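Shown next: input05.txt, given as compact mmCIF, C-alpha atoms.
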# COMPACT_ATOMS: atom_id res chain seq x y z
CA LYS A 25 116.84 80.32 110.16
CA ASN A 26 120.38 81.49 109.48
CA ASN A 27 120.49 83.79 106.41
CA ARG A 28 123.31 81.61 105.02
CA ARG A 29 122.30 81.69 101.34
CA ALA A 30 121.55 85.44 101.31
CA TYR A 31 124.79 86.16 103.19
CA ALA A 32 126.87 84.08 100.73
CA TYR A 33 125.14 85.63 97.72
CA LEU A 34 125.70 89.19 98.94
CA THR A 35 129.29 88.73 100.13
CA ILE A 36 130.71 86.23 97.63
CA THR A 37 128.67 86.68 94.44
CA ARG A 38 128.04 90.41 94.84
CA GLY A 39 131.29 91.23 96.69
CA ILE A 40 129.65 93.32 99.44
CA ASP A 41 131.61 93.74 102.68
CA SER A 42 130.67 90.96 105.11
CA LYS A 43 130.75 93.32 108.09
CA ILE A 44 128.14 95.56 106.45
CA ILE A 45 125.89 92.57 105.74
CA GLN A 46 126.29 91.26 109.31
CA GLU A 47 125.38 94.67 110.76
CA LEU A 48 122.31 95.01 108.55
CA ILE A 49 121.15 91.47 109.38
CA GLN A 50 121.43 92.34 113.08
CA GLU A 51 119.41 95.53 112.42
CA LYS A 52 116.80 93.37 110.63
CA LYS A 53 117.25 95.38 107.44
CA ILE A 54 118.34 92.24 105.56
CA TYR A 55 117.18 88.65 105.97
CA GLU A 56 116.65 85.49 103.96
CA ASP A 57 113.11 84.35 103.24
CA THR A 58 111.99 80.70 103.21
CA LYS A 59 112.74 80.42 99.48
CA GLY A 60 116.35 81.60 99.88
CA ASN A 61 115.83 85.14 98.55
CA ALA A 62 117.64 88.10 100.07
CA VAL A 63 115.08 90.53 101.50
CA PHE A 64 115.87 94.23 101.98
CA VAL A 65 113.59 96.02 104.45
CA GLY A 66 112.62 99.67 104.91
CA PHE A 67 111.12 100.94 108.17
CA ASP A 68 108.81 103.79 109.12
CA GLU A 69 109.40 106.38 111.85
CA GLN A 70 108.21 103.99 114.57
CA GLY A 71 110.54 101.21 113.43
CA LYS A 72 107.78 99.19 111.78
CA PRO A 73 108.69 97.38 108.52
CA ARG A 74 106.79 99.09 105.70
CA TYR A 75 108.75 98.09 102.59
CA ALA A 76 110.49 94.92 101.45
CA THR A 77 112.08 93.97 98.18
CA LEU A 78 113.29 90.50 97.22
CA ARG A 79 116.39 89.59 95.29
CA GLY A 80 116.92 86.01 94.12
CA THR A 81 120.16 84.38 95.27
CA TYR A 82 120.41 81.76 92.53
CA THR A 83 122.97 82.91 89.99
CA ASP A 84 121.43 81.02 87.05
CA LYS A 85 118.22 83.09 86.99
CA VAL A 86 117.34 86.67 87.86
CA PHE A 87 114.52 87.26 90.32
CA ARG A 88 113.52 90.57 91.93
CA MET A 89 110.28 92.01 93.15
CA ASP A 90 108.78 94.20 95.82
CA CYS A 91 106.69 92.37 98.41
CA VAL A 92 102.94 92.79 98.12
CA GLY A 93 101.74 95.70 100.26
CA SER A 94 105.12 97.45 100.33
CA ASP A 95 105.07 101.21 100.70
CA LYS A 96 107.79 102.54 98.39
CA ARG A 97 108.05 105.74 100.44
CA TYR A 98 109.95 103.67 103.02
CA SER A 99 112.46 102.08 100.67
CA PHE A 100 115.67 100.44 101.94
CA CYS A 101 118.24 102.87 103.35
CA THR A 102 121.20 103.23 105.68
CA ASN A 103 121.39 106.43 107.69
CA GLY A 104 124.52 108.43 108.47
CA ALA A 105 125.14 111.58 110.48
CA SER A 106 126.43 113.79 107.67
CA SER A 107 124.25 116.05 105.52
CA ARG A 108 125.03 113.95 102.39
CA LEU A 109 122.65 111.40 100.85
CA TYR A 110 123.70 109.01 98.09
CA ILE A 111 120.79 107.80 95.92
CA PHE A 112 120.70 104.47 94.01
CA GLU A 113 118.23 102.39 92.04
CA SER A 114 118.79 99.25 94.15
CA ALA A 115 119.80 98.13 97.63
CA ILE A 116 122.65 96.06 96.20
CA ASP A 117 124.10 99.13 94.46
CA SER A 118 123.86 101.18 97.67
CA LEU A 119 125.70 98.44 99.61
CA SER A 120 128.27 98.08 96.83
CA HIS A 121 128.97 101.82 97.06
CA ALA A 122 129.24 101.50 100.86
CA THR A 123 131.76 98.67 100.43
CA LEU A 124 133.83 100.74 98.01
CA GLU A 125 133.78 103.63 100.49
CA ASN A 126 135.09 101.36 103.25
CA ARG A 127 137.84 99.91 101.07
CA ILE A 128 138.99 103.23 99.65
CA GLN A 129 139.00 104.84 103.11
CA GLY A 130 140.62 101.78 104.72
CA ASN A 131 138.01 101.92 107.48
CA ALA A 132 135.38 99.21 108.02
CA GLY A 133 132.88 101.77 109.32
CA ALA A 134 133.47 104.61 106.85
CA TYR A 135 130.18 103.94 105.06
CA ARG A 136 128.25 104.93 108.21
CA ALA A 137 129.20 108.61 107.84
CA ASP A 138 126.81 109.24 104.94
CA SER A 139 123.25 108.13 104.23
CA ARG A 140 122.34 105.89 101.29
CA LEU A 141 118.88 105.39 99.82
CA SER A 142 117.61 102.85 97.32
CA LEU A 143 114.76 104.18 95.21
CA GLY A 144 113.64 100.66 94.30
CA GLY A 145 113.85 101.70 90.65
CA THR A 146 113.85 105.26 89.32
CA SER A 147 110.74 106.67 90.99
CA GLY A 148 111.27 109.73 93.19
CA ILE A 149 108.67 108.70 95.80
CA ALA A 150 111.21 107.30 98.30
CA LEU A 151 113.49 110.33 97.91
CA ALA A 152 110.76 112.89 98.54
CA HIS A 153 109.59 111.05 101.65
CA TYR A 154 113.14 110.49 102.95
CA LEU A 155 113.89 114.20 102.72
CA GLN A 156 110.70 115.06 104.61
CA ARG A 157 111.86 112.82 107.47
CA HIS A 158 115.55 113.86 107.41
CA SER A 159 115.76 117.65 107.36
CA HIS A 160 119.53 117.62 108.03
CA ILE A 161 120.20 116.39 104.45
CA LYS A 162 121.50 119.22 102.25
CA GLU A 163 123.55 117.41 99.58
CA LEU A 164 122.12 114.85 97.16
CA VAL A 165 124.45 112.63 95.13
CA PHE A 166 122.66 110.75 92.38
CA CYS A 167 124.28 107.38 91.67
CA LEU A 168 121.65 105.80 89.44
CA ASP A 169 122.57 103.22 86.82
CA ASN A 170 124.72 104.27 83.90
CA ASP A 171 122.14 103.41 81.26
CA ASP A 172 119.80 105.67 79.30
CA ALA A 173 116.94 105.50 81.83
CA GLY A 174 119.24 105.97 84.83
CA ARG A 175 121.13 108.91 83.33
CA LYS A 176 117.95 110.73 82.27
CA ARG A 177 116.27 110.20 85.63
CA ALA A 178 119.39 111.23 87.58
CA VAL A 179 119.58 114.50 85.63
CA ALA A 180 115.86 115.18 86.09
CA LEU A 181 115.96 114.51 89.84
CA ALA A 182 119.15 116.55 90.30
CA ARG A 183 117.55 119.53 88.54
CA GLU A 184 114.31 119.16 90.49
CA TYR A 185 116.06 119.12 93.86
CA ALA A 186 118.56 121.83 92.94
CA ASP A 187 115.55 124.06 92.27
CA LYS A 188 114.37 123.22 95.81
CA GLY A 189 117.66 124.46 97.28
CA TYR A 190 119.64 121.22 97.64
CA TYR A 191 123.23 120.92 96.51
CA THR A 192 123.03 118.18 93.87
CA ARG A 193 125.52 116.30 91.76
CA LEU A 194 125.76 113.18 89.65
CA GLU A 195 128.17 110.40 90.51
CA LEU A 196 127.19 107.82 87.92
CA PRO A 197 129.13 104.55 87.92
CA THR A 198 131.81 104.04 85.27
CA LEU A 199 130.19 100.69 84.40
CA LYS A 200 126.46 99.85 84.32
CA ASP A 201 125.96 100.07 88.10
CA TYR A 202 127.91 100.25 91.35
CA ASN A 203 127.89 96.49 91.87
CA GLU A 204 129.73 96.05 88.56
CA VAL A 205 132.22 98.72 89.69
CA LEU A 206 132.73 96.88 93.00
CA LEU A 207 133.27 93.52 91.30
CA GLN A 208 135.80 95.07 88.91
CA TYR A 209 137.58 96.71 91.85
CA ARG A 210 137.63 93.39 93.75
CA ASN A 211 139.07 91.55 90.75
CA LYS A 212 141.83 94.15 90.35
CA GLN A 213 142.67 93.87 94.05
CA LYS A 214 142.98 90.08 93.74
CA ARG A 215 145.44 90.47 90.86

Whole structure given in structure tokens:
Amino acid sequence: KNNRRAYAYLTITRGIDSKIIQELIQEKKIYEDTKGNAVFVGFDEQGKPRYATLRGTYTDKVFRMDCVGSDKRYSFCTNGASSRLYIFESAIDSLSHATLENRIQGNAGAYRADSRLSLGGTSGIALAHYLQRHSHIKELVFCLDNDDAGRKRAVALAREYADKGYYTRLELPTLKDYNEVLLQYRNKQKR
């Protein structure tokens, strides 16, 4: 009905910029399901929803899953006009990075300049398909989690796409993921 629980979870618990969440709710890229989960949606070329992943909003237990029938090629993303694409494991990390970009730039719309893609894990399926659909992308910035699996996969993907002619670089978070970096940044700003 109103996305209240998902909105509160994403803005208060996760620290993501409320303006970003409002925009993405209006674009139907984020909504709240009947059980109170935040749902992140990916669309195909015709604007049809083809991918959805759920994230539980209750802080006492972790819940995440892709919706049955989701096509991972169309994972959650935000598109910008530049030739740069930031790549993350999760939608929350991509939106955390977008929030940090806005705050560092001092501009509530700064995140819209660049594209951000959630892989929905560490698979390269969504990235390969995104690049087929967005030929203007020339620079790939891998921002996967700063754990063993994330680091190894980021290096492998960066090498693979450098061999294909893309400019690639790693921008791993200083903590486990970009949401942890955002929460630390928010706490420092409060102090």

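Residues in contact range of Gly71 (chain A), defined as at most 12 Å between all atoms listed in the file, with sequence neighbours fewer than 4 positions away removed, read Glu51, Lys52, Lys53, Val65, Gly66, Phe67, Tyr75 and Tyr98 of chain A.
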
Using C-alpha atoms, can you write the selected residues to a file as a CSV table (one decimal), in the frame of the given file?
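For reference, selection05.csv as written:
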chain,number,residue,atom,x,y,z
A,51,GLU,CA,119.4,95.5,112.4
A,52,LYS,CA,116.8,93.4,110.6
A,53,LYS,CA,117.2,95.4,107.4
A,65,VAL,CA,113.6,96.0,104.4
A,66,GLY,CA,112.6,99.7,104.9
A,67,PHE,CA,111.1,100.9,108.2
A,75,TYR,CA,108.8,98.1,102.6
A,98,TYR,CA,110.0,103.7,103.0

note - CA of Cys167 (chain A) and CA of Ile40 (chain A) are separated by 16.9 Å

Point to revise | Selected residue, from A:Val179, A:Leu119, A:Ile111, A:Ala152, that lies nearest to Ser42 (chain A) when counting all atoms listed in the file | key: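 The closest residue to Ser42 (chain A) is A:Leu119.
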
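Our summary of the geometry notes that CA of Thr37 (chain A) is positioned 8.2 Å from CA of Thr83 (chain A).
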
Requested in this report: Find the residues near Arg210 (chain A): any atom within 10 Å, counting all atoms listed in the file, skip ones fewer than 5 places away on the same chain, and give them as a count of residues only.
Outcome: 7

- Task: Just the residues within 8 Å of Glu113 (chain A), please, counting only C-alpha atoms, with nothing from its chain fewer than 6 positions along; format it as a ChimeraX atom specification.
- Result: /A:142-146,167-169

Open item on the list: Using only C-alpha atoms - which residues lie no farther than 8 Å from the point (118.1, 115.4, 101.8) in the file's frame? Write them as a PyMOL selection string.
Closed with: chain A and resi 107-109+151+154-156+158-164+190

If you count only C-alpha atoms, the residue of A:Asp95, A:Glu195, A:Asp171, A:Glu69 closest to Arg157 (chain A) turns out to be A:Glu69

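As for CA of Lys188 (chain A) and CA of Gly174 (chain A), they are spaced 21.0 Å apart.
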
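The residue that comes closest to Val63 (chain A), out of A:Leu78, A:Ala134, A:Val86, A:Cys101 and on the basis of only C-alpha atoms, is A:Leu78.
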
Proximity to Ala122 (chain A) - best of A:Lys176, A:Arg28, A:Lys200, A:Arg140, all atoms listed in the file: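 Among A:Lys176, A:Arg28, A:Lys200, A:Arg140, it is A:Arg140 that comes nearest to Ala122 (chain A).
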
**Item:** Counting only C-alpha atoms, the option among A:Gln46, A:Thr81, A:Pro73, A:Asn126 closest to Arg29 (chain A)
**Value:**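 Looking only at the distances to Arg29 (chain A), the closest residue turns out to be A:Thr81.
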
Size and centre in Å, one decimal, axis-aligned box, all listed region 79-89 of chain A atoms plus 6 Å per side, as lines of an AutoDock Vina configuration file:
center_x = 116.6
center_y = 86.5
center_z = 91.1
size_x = 24.7
size_y = 23.0
size_z = 20.3

Please return region 58-82 of chain A, rebuilt to N, CA and C atoms, as a JSON list (two decimals), keeping the file's coordinate frame.
[["chain", "number", "residue", "atom", "x", "y", "z"],
["A", 58, "THR", "N", 112.03, 82.17, 103.22],
["A", 58, "THR", "CA", 111.99, 80.70, 103.21],
["A", 58, "THR", "C", 112.36, 80.10, 101.86],
["A", 59, "LYS", "N", 112.37, 80.92, 100.80],
["A", 59, "LYS", "CA", 112.74, 80.42, 99.48],
["A", 59, "LYS", "C", 114.20, 80.72, 99.15],
["A", 60, "GLY", "N", 114.93, 81.31, 100.09],
["A", 60, "GLY", "CA", 116.35, 81.60, 99.88],
["A", 60, "GLY", "C", 116.63, 82.95, 99.26],
["A", 61, "ASN", "N", 115.63, 83.80, 99.10],
["A", 61, "ASN", "CA", 115.83, 85.14, 98.55],
["A", 61, "ASN", "C", 116.40, 86.07, 99.61],
["A", 62, "ALA", "N", 117.21, 87.03, 99.18],
["A", 62, "ALA", "CA", 117.64, 88.10, 100.07],
["A", 62, "ALA", "C", 116.52, 89.13, 100.11],
["A", 63, "VAL", "N", 116.16, 89.56, 101.32],
["A", 63, "VAL", "CA", 115.08, 90.53, 101.50],
["A", 63, "VAL", "C", 115.67, 91.79, 102.12],
["A", 64, "PHE", "N", 115.40, 92.93, 101.51],
["A", 64, "PHE", "CA", 115.87, 94.23, 101.98],
["A", 64, "PHE", "C", 114.66, 94.99, 102.51],
["A", 65, "VAL", "N", 114.74, 95.46, 103.75],
["A", 65, "VAL", "CA", 113.59, 96.02, 104.45],
["A", 65, "VAL", "C", 113.76, 97.51, 104.70],
["A", 66, "GLY", "N", 112.67, 98.25, 104.55],
["A", 66, "GLY", "CA", 112.62, 99.67, 104.91],
["A", 66, "GLY", "C", 111.62, 99.86, 106.04],
["A", 67, "PHE", "N", 111.94, 100.74, 106.97],
["A", 67, "PHE", "CA", 111.12, 100.94, 108.17],
["A", 67, "PHE", "C", 110.53, 102.35, 108.21],
["A", 68, "ASP", "N", 109.40, 102.47, 108.92],
["A", 68, "ASP", "CA", 108.81, 103.79, 109.12],
["A", 68, "ASP", "C", 109.41, 104.45, 110.37],
["A", 69, "GLU", "N", 108.86, 105.59, 110.74],
["A", 69, "GLU", "CA", 109.40, 106.38, 111.85],
["A", 69, "GLU", "C", 109.30, 105.66, 113.20],
["A", 70, "GLN", "N", 108.38, 104.73, 113.33],
["A", 70, "GLN", "CA", 108.21, 103.99, 114.57],
["A", 70, "GLN", "C", 108.98, 102.67, 114.56],
["A", 71, "GLY", "N", 109.76, 102.44, 113.52],
["A", 71, "GLY", "CA", 110.54, 101.21, 113.43],
["A", 71, "GLY", "C", 109.77, 100.01, 112.92],
["A", 72, "LYS", "N", 108.61, 100.27, 112.33],
["A", 72, "LYS", "CA", 107.78, 99.19, 111.78],
["A", 72, "LYS", "C", 108.18, 98.94, 110.32],
["A", 73, "PRO", "N", 108.38, 97.67, 109.93],
["A", 73, "PRO", "CA", 108.69, 97.38, 108.52],
["A", 73, "PRO", "C", 107.53, 97.81, 107.63],
["A", 74, "ARG", "N", 107.84, 98.60, 106.60],
["A", 74, "ARG", "CA", 106.79, 99.09, 105.70],
["A", 74, "ARG", "C", 107.10, 98.78, 104.23],
["A", 75, "TYR", "N", 108.34, 98.36, 103.97],
["A", 75, "TYR", "CA", 108.75, 98.09, 102.59],
["A", 75, "TYR", "C", 109.69, 96.90, 102.59],
["A", 76, "ALA", "N", 109.55, 96.03, 101.61],
["A", 76, "ALA", "CA", 110.49, 94.92, 101.45],
["A", 76, "ALA", "C", 110.61, 94.59, 99.97],
["A", 77, "THR", "N", 111.83, 94.37, 99.55],
["A", 77, "THR", "CA", 112.08, 93.97, 98.18],
["A", 77, "THR", "C", 112.92, 92.70, 98.20],
["A", 78, "LEU", "N", 112.60, 91.79, 97.30],
["A", 78, "LEU", "CA", 113.29, 90.50, 97.22],
["A", 78, "LEU", "C", 114.29, 90.50, 96.09],
["A", 79, "ARG", "N", 115.38, 89.80, 96.33],
["A", 79, "ARG", "CA", 116.39, 89.59, 95.29],
["A", 79, "ARG", "C", 116.76, 88.11, 95.32],
["A", 80, "GLY", "N", 116.58, 87.43, 94.19],
["A", 80, "GLY", "CA", 116.92, 86.01, 94.12],
["A", 80, "GLY", "C", 118.41, 85.79, 94.34],
["A", 81, "THR", "N", 118.75, 84.69, 94.97],
["A", 81, "THR", "CA", 120.16, 84.38, 95.27],
["A", 81, "THR", "C", 120.73, 83.31, 94.37],
["A", 82, "TYR", "N", 119.91, 82.76, 93.48],
["A", 82, "TYR", "CA", 120.41, 81.76, 92.53],
["A", 82, "TYR", "C", 121.02, 82.50, 91.35]]
